[in-house]
>>> print(open('model_2.tsv').read())   # TSV, N, CA and C atoms
chain	number	residue	atom	x	y	z
A	1	MET	N	-8.79	-1.40	5.83
A	1	MET	CA	-7.76	-0.42	5.67
A	1	MET	C	-6.41	-0.97	6.12
A	2	ARG	N	-6.47	-1.97	6.96
A	2	ARG	CA	-5.21	-2.52	7.42
A	2	ARG	C	-4.46	-3.25	6.31
A	3	ARG	N	-5.22	-4.00	5.50
A	3	ARG	CA	-4.56	-4.73	4.41
A	3	ARG	C	-4.03	-3.81	3.33
A	4	GLY	N	-4.80	-2.80	2.98
A	4	GLY	CA	-4.41	-1.92	1.88
A	4	GLY	C	-3.44	-0.83	2.27
A	5	LEU	N	-3.61	-0.25	3.46
A	5	LEU	CA	-2.81	0.90	3.85
A	5	LEU	C	-2.00	0.68	5.12
A	6	ASP	N	-2.10	-0.50	5.70
A	6	ASP	CA	-1.42	-0.83	6.96
A	6	ASP	C	-1.81	0.16	8.07
A	7	ILE	N	-3.13	0.46	8.13
A	7	ILE	CA	-3.67	1.33	9.17
A	7	ILE	C	-4.66	0.51	9.99
A	8	ASP	N	-4.44	0.45	11.28
A	8	ASP	CA	-5.38	-0.23	12.16
A	8	ASP	C	-6.36	0.82	12.67
A	9	VAL	N	-7.57	0.83	12.12
A	9	VAL	CA	-8.55	1.85	12.47
A	9	VAL	C	-9.13	1.64	13.87
A	10	LEU	N	-8.87	0.53	14.48
A	10	LEU	CA	-9.36	0.27	15.83
A	10	LEU	C	-8.28	0.50	16.88
A	11	ARG	N	-7.16	1.08	16.50
A	11	ARG	CA	-6.09	1.42	17.44
A	11	ARG	C	-6.11	2.93	17.65
A	12	CYS	N	-6.00	3.33	18.90
A	12	CYS	CA	-6.03	4.74	19.26
A	12	CYS	C	-4.87	5.48	18.60
A	13	PRO	N	-5.14	6.56	17.86
A	13	PRO	CA	-4.06	7.31	17.23
A	13	PRO	C	-3.17	8.03	18.24
A	14	GLY	N	-3.65	8.17	19.48
A	14	GLY	CA	-2.86	8.82	20.53
A	14	GLY	C	-1.87	7.88	21.19
A	15	GLY	N	-1.97	6.58	20.91
A	15	GLY	CA	-1.01	5.63	21.43
A	15	GLY	C	-1.43	4.93	22.72
A	16	CYS	N	-2.65	5.18	23.21
A	16	CYS	CA	-3.08	4.49	24.43
A	16	CYS	C	-3.38	3.03	24.12
A	17	ALA	N	-3.49	2.22	25.13
A	17	ALA	CA	-3.68	0.78	24.93
A	17	ALA	C	-5.14	0.39	24.77
A	18	THR	N	-6.07	1.32	24.96
A	18	THR	CA	-7.49	1.00	24.88
A	18	THR	C	-7.93	0.87	23.42
A	19	PRO	N	-8.50	-0.27	23.02
A	19	PRO	CA	-8.95	-0.40	21.64
A	19	PRO	C	-10.20	0.46	21.40
A	20	LEU	N	-10.33	0.97	20.19
A	20	LEU	CA	-11.49	1.76	19.82
A	20	LEU	C	-12.63	0.85	19.40
A	21	LYS	N	-13.86	1.38	19.48
A	21	LYS	CA	-15.04	0.62	19.06
A	21	LYS	C	-15.76	1.39	17.97
A	22	LEU	N	-16.27	0.67	17.00
A	22	LEU	CA	-17.09	1.27	15.96
A	22	LEU	C	-18.47	1.50	16.56
A	23	ILE	N	-18.92	2.75	16.59
A	23	ILE	CA	-20.23	3.03	17.19
A	23	ILE	C	-21.26	3.47	16.14
A	24	ALA	N	-20.80	3.84	14.95
A	24	ALA	CA	-21.74	4.24	13.91
A	24	ALA	C	-21.09	4.08	12.54
A	25	LEU	N	-21.92	3.83	11.56
A	25	LEU	CA	-21.47	3.75	10.18
A	25	LEU	C	-22.49	4.53	9.34
A	26	ILE	N	-22.05	5.61	8.73
A	26	ILE	CA	-22.94	6.46	7.97
A	26	ILE	C	-22.76	6.15	6.49
A	27	GLU	N	-23.82	5.68	5.86
A	27	GLU	CA	-23.76	5.28	4.46
A	27	GLU	C	-24.57	6.17	3.54
A	28	GLN	N	-25.43	7.03	4.07
A	28	GLN	CA	-26.28	7.88	3.25
A	28	GLN	C	-25.45	9.08	2.78
A	29	ALA	N	-25.33	9.22	1.47
A	29	ALA	CA	-24.50	10.28	0.89
A	29	ALA	C	-24.89	11.68	1.34
A	30	PRO	N	-26.17	12.02	1.42
A	30	PRO	CA	-26.52	13.38	1.87
A	30	PRO	C	-26.08	13.66	3.31
A	31	VAL	N	-26.14	12.65	4.15
A	31	VAL	CA	-25.73	12.83	5.55
A	31	VAL	C	-24.21	13.00	5.63
A	32	VAL	N	-23.48	12.20	4.88
A	32	VAL	CA	-22.02	12.31	4.85
A	32	VAL	C	-21.62	13.69	4.34
A	33	ARG	N	-22.28	14.14	3.27
A	33	ARG	CA	-21.98	15.46	2.70
A	33	ARG	C	-22.24	16.57	3.71
A	34	ALA	N	-23.36	16.50	4.43
A	34	ALA	CA	-23.69	17.52	5.43
A	34	ALA	C	-22.65	17.56	6.54
A	35	ILE	N	-22.19	16.40	6.98
A	35	ILE	CA	-21.17	16.35	8.03
A	35	ILE	C	-19.86	16.95	7.54
A	36	LEU	N	-19.44	16.58	6.33
A	36	LEU	CA	-18.19	17.12	5.79
A	36	LEU	C	-18.26	18.63	5.64
A	37	ILE	N	-19.36	19.14	5.13
A	37	ILE	CA	-19.52	20.58	4.99
A	37	ILE	C	-19.48	21.26	6.36
A	38	HIS	N	-20.15	20.68	7.33
A	38	HIS	CA	-20.15	21.25	8.69
A	38	HIS	C	-18.74	21.30	9.28
A	39	LEU	N	-17.93	20.30	8.97
A	39	LEU	CA	-16.56	20.25	9.48
A	39	LEU	C	-15.60	21.10	8.65
A	40	GLY	N	-16.09	21.69	7.57
A	40	GLY	CA	-15.23	22.51	6.72
A	40	GLY	C	-14.32	21.69	5.83
A	41	LEU	N	-14.71	20.46	5.54
A	41	LEU	CA	-13.91	19.57	4.70
A	41	LEU	C	-14.51	19.50	3.30
A	42	PRO	N	-13.70	19.15	2.30
A	42	PRO	CA	-14.24	19.06	0.94
A	42	PRO	C	-15.30	17.97	0.85
A	43	ALA	N	-16.42	18.29	0.24
A	43	ALA	CA	-17.52	17.34	0.14
A	43	ALA	C	-17.83	16.94	-1.30
A	44	ASP	N	-17.17	17.57	-2.26
A	44	ASP	CA	-17.41	17.24	-3.66
A	44	ASP	C	-16.63	16.00	-4.06
A	45	ARG	N	-17.21	15.26	-4.98
A	45	ARG	CA	-16.52	14.06	-5.48
A	45	ARG	C	-15.28	14.46	-6.27
A	46	VAL	N	-14.28	13.62	-6.20
A	46	VAL	CA	-13.04	13.86	-6.93
A	46	VAL	C	-13.23	13.38	-8.36
A	47	GLN	N	-12.85	14.22	-9.32
A	47	GLN	CA	-12.93	13.83	-10.72
A	47	GLN	C	-11.75	12.91	-11.04
A	48	THR	N	-12.04	11.76	-11.58
A	48	THR	CA	-10.98	10.82	-11.94
A	48	THR	C	-10.79	10.82	-13.45
A	49	GLU	N	-9.60	10.54	-13.86
A	49	GLU	CA	-9.26	10.44	-15.28
A	49	GLU	C	-9.03	8.98	-15.62
A	50	PRO	N	-9.30	8.58	-16.85
A	50	PRO	CA	-9.02	7.19	-17.22
A	50	PRO	C	-7.52	6.91	-17.16
A	51	ALA	N	-7.19	5.68	-16.92
A	51	ALA	CA	-5.78	5.29	-16.85
A	51	ALA	C	-5.13	5.51	-18.20
A	52	ARG	N	-3.88	5.90	-18.17
A	52	ARG	CA	-3.16	6.10	-19.42
A	52	ARG	C	-2.35	4.85	-19.77
A	53	ALA	N	-1.99	4.76	-21.01
A	53	ALA	CA	-1.21	3.60	-21.46
A	53	ALA	C	0.22	3.71	-20.92
A	54	PRO	N	0.88	2.59	-20.74
A	54	PRO	CA	2.27	2.66	-20.29
A	54	PRO	C	3.15	3.30	-21.35
A	55	PRO	N	4.27	3.88	-20.95
A	55	PRO	CA	5.14	4.51	-21.95
A	55	PRO	C	5.73	3.45	-22.89
A	56	GLU	N	6.08	3.92	-24.06
A	56	GLU	CA	6.72	3.02	-25.03
A	56	GLU	C	8.06	2.56	-24.48
A	57	GLN	N	8.45	1.35	-24.80
A	57	GLN	CA	9.69	0.79	-24.29
A	57	GLN	C	10.91	1.61	-24.73
A	58	ASP	N	10.88	2.12	-25.98
A	58	ASP	CA	12.03	2.84	-26.49
A	58	ASP	C	11.99	4.33	-26.13
A	59	ALA	N	11.02	4.74	-25.30
A	59	ALA	CA	10.93	6.14	-24.90
A	59	ALA	C	12.01	6.53	-23.90
A	60	PHE	N	12.65	5.57	-23.29
A	60	PHE	CA	13.69	5.85	-22.29
A	60	PHE	C	15.06	5.56	-22.89
A	61	ASP	N	16.01	6.37	-22.51
A	61	ASP	CA	17.40	6.17	-22.95
A	61	ASP	C	18.12	5.42	-21.85
A	62	TRP	N	18.15	4.11	-21.95
A	62	TRP	CA	18.75	3.29	-20.88
A	62	TRP	C	20.28	3.34	-20.93
A	63	ALA	N	20.85	3.86	-21.98
A	63	ALA	CA	22.30	3.88	-22.12
A	63	ALA	C	22.96	4.92	-21.20
A	64	SER	N	22.23	5.96	-20.84
A	64	SER	CA	22.87	7.02	-20.02
A	64	SER	C	22.83	6.72	-18.54
>>> encode(input="model_2.tsv", output="structure tokens")
Amino acid sequence: MRRGLDIDVLRCPGGCATPLKLIALIEQAPVVRAILIHLGLPADRVQTEPARAPPEQDAFDWAS
């Protein structure tokens, strides 16, 4: 996440100097879903749309 979003997930969000430790990694989808539902967070997958083509070059009025 640091490379893509410039977020250091091992740094305390409260600003203390103590580094965080990874203590668990949950990879089973049913377990993740149950935790999200318990926390009241959205647990459904996001529907994605296919990428659209870039706009035509002459679609913009560059003169104005």
>>> residues_near_point(input="model_2.tsv", point="(-9.5, 2.0, 14.0)", cutoff="9 Å", atoms="only C-alpha atoms", output="list in words")
Met1, Ile7, Asp8, Val9, Leu10, Arg11, Cys12, Pro13, Pro19, Leu20, Lys21 and Leu22 of chain A
>>> atom_distance(input="model_2.tsv", atom1="atom C of Pro30 of chain A", atom2="atom C of Ala43 of chain A")
10.0 Å
>>> select_by_dssp(input="model_2.tsv", residues="chain A", states="alpha helix (DSSP H)", output="PyMOL selection string")
chain A and resi 2-5+29-38
>>> atom_distance(input="model_2.tsv", atom1="atom N of Glu27 of chain A", atom2="atom N of Leu39 of chain A")
16.1 Å
>>> residues_around(input="model_2.tsv", residues="Arg45 of chain A", least_positions_apart="4", cutoff="12 Å", atoms="only C-alpha atoms", output="CSV table (one decimal) with N, CA and C atoms, in the coordinates of the input")
chain,number,residue,atom,x,y,z
A,29,ALA,N,-25.3,9.2,1.5
A,29,ALA,CA,-24.5,10.3,0.9
A,29,ALA,C,-24.9,11.7,1.3
A,32,VAL,N,-23.5,12.2,4.9
A,32,VAL,CA,-22.0,12.3,4.8
A,32,VAL,C,-21.6,13.7,4.3
A,33,ARG,N,-22.3,14.1,3.3
A,33,ARG,CA,-22.0,15.5,2.7
A,33,ARG,C,-22.2,16.6,3.7
A,36,LEU,N,-19.4,16.6,6.3
A,36,LEU,CA,-18.2,17.1,5.8
A,36,LEU,C,-18.3,18.6,5.6
A,41,LEU,N,-14.7,20.5,5.5
A,41,LEU,CA,-13.9,19.6,4.7
A,41,LEU,C,-14.5,19.5,3.3
>>> atom_distance(input="model_2.tsv", atom1="atom CA of Ala24 of chain A", atom2="atom CA of Asp6 of chain A")
22.1 Å
>>> decode(input="model_2.tsv", residues="segment 25-53 of chain A", atoms="C-alpha atoms", output="PDB file, in the first residue's frame")
ATOM      1  CA  LEU A  25      -4.145 -12.060   7.951  1.00  0.00           C
ATOM      2  CA  ILE A  26      -7.653 -13.210   7.083  1.00  0.00           C
ATOM      3  CA  GLU A  27      -7.955 -14.619   3.578  1.00  0.00           C
ATOM      4  CA  GLN A  28     -11.143 -16.706   3.767  1.00  0.00           C
ATOM      5  CA  ALA A  29     -13.961 -14.771   2.089  1.00  0.00           C
ATOM      6  CA  PRO A  30     -16.748 -16.028   4.397  1.00  0.00           C
ATOM      7  CA  VAL A  31     -14.784 -14.954   7.480  1.00  0.00           C
ATOM      8  CA  VAL A  32     -14.042 -11.519   6.021  1.00  0.00           C
ATOM      9  CA  ARG A  33     -17.714 -11.109   5.083  1.00  0.00           C
ATOM     10  CA  ALA A  34     -18.862 -12.069   8.603  1.00  0.00           C
ATOM     11  CA  ILE A  35     -16.476  -9.556  10.179  1.00  0.00           C
ATOM     12  CA  LEU A  36     -17.579  -6.751   7.857  1.00  0.00           C
ATOM     13  CA  ILE A  37     -21.248  -7.466   8.520  1.00  0.00           C
ATOM     14  CA  HIS A  38     -20.604  -7.539  12.271  1.00  0.00           C
ATOM     15  CA  LEU A  39     -18.892  -4.147  12.048  1.00  0.00           C
ATOM     16  CA  GLY A  40     -21.786  -2.717  10.031  1.00  0.00           C
ATOM     17  CA  LEU A  41     -19.624  -2.220   6.937  1.00  0.00           C
ATOM     18  CA  PRO A  42     -20.567  -3.057   3.341  1.00  0.00           C
ATOM     19  CA  ALA A  43     -19.737  -6.680   2.591  1.00  0.00           C
ATOM     20  CA  ASP A  44     -21.016  -7.014  -0.980  1.00  0.00           C
ATOM     21  CA  ARG A  45     -18.627  -6.960  -3.889  1.00  0.00           C
ATOM     22  CA  VAL A  46     -18.475  -3.768  -5.903  1.00  0.00           C
ATOM     23  CA  GLN A  47     -19.810  -4.082  -9.435  1.00  0.00           C
ATOM     24  CA  THR A  48     -17.210  -2.909 -11.921  1.00  0.00           C
ATOM     25  CA  GLU A  49     -17.827  -1.675 -15.431  1.00  0.00           C
ATOM     26  CA  PRO A  50     -15.511  -2.285 -18.376  1.00  0.00           C
ATOM     27  CA  ALA A  51     -13.164   0.543 -19.234  1.00  0.00           C
ATOM     28  CA  ARG A  52     -14.473   2.972 -21.789  1.00  0.00           C
ATOM     29  CA  ALA A  53     -12.637   4.165 -24.857  1.00  0.00           C
TER      30      ALA A  53
END
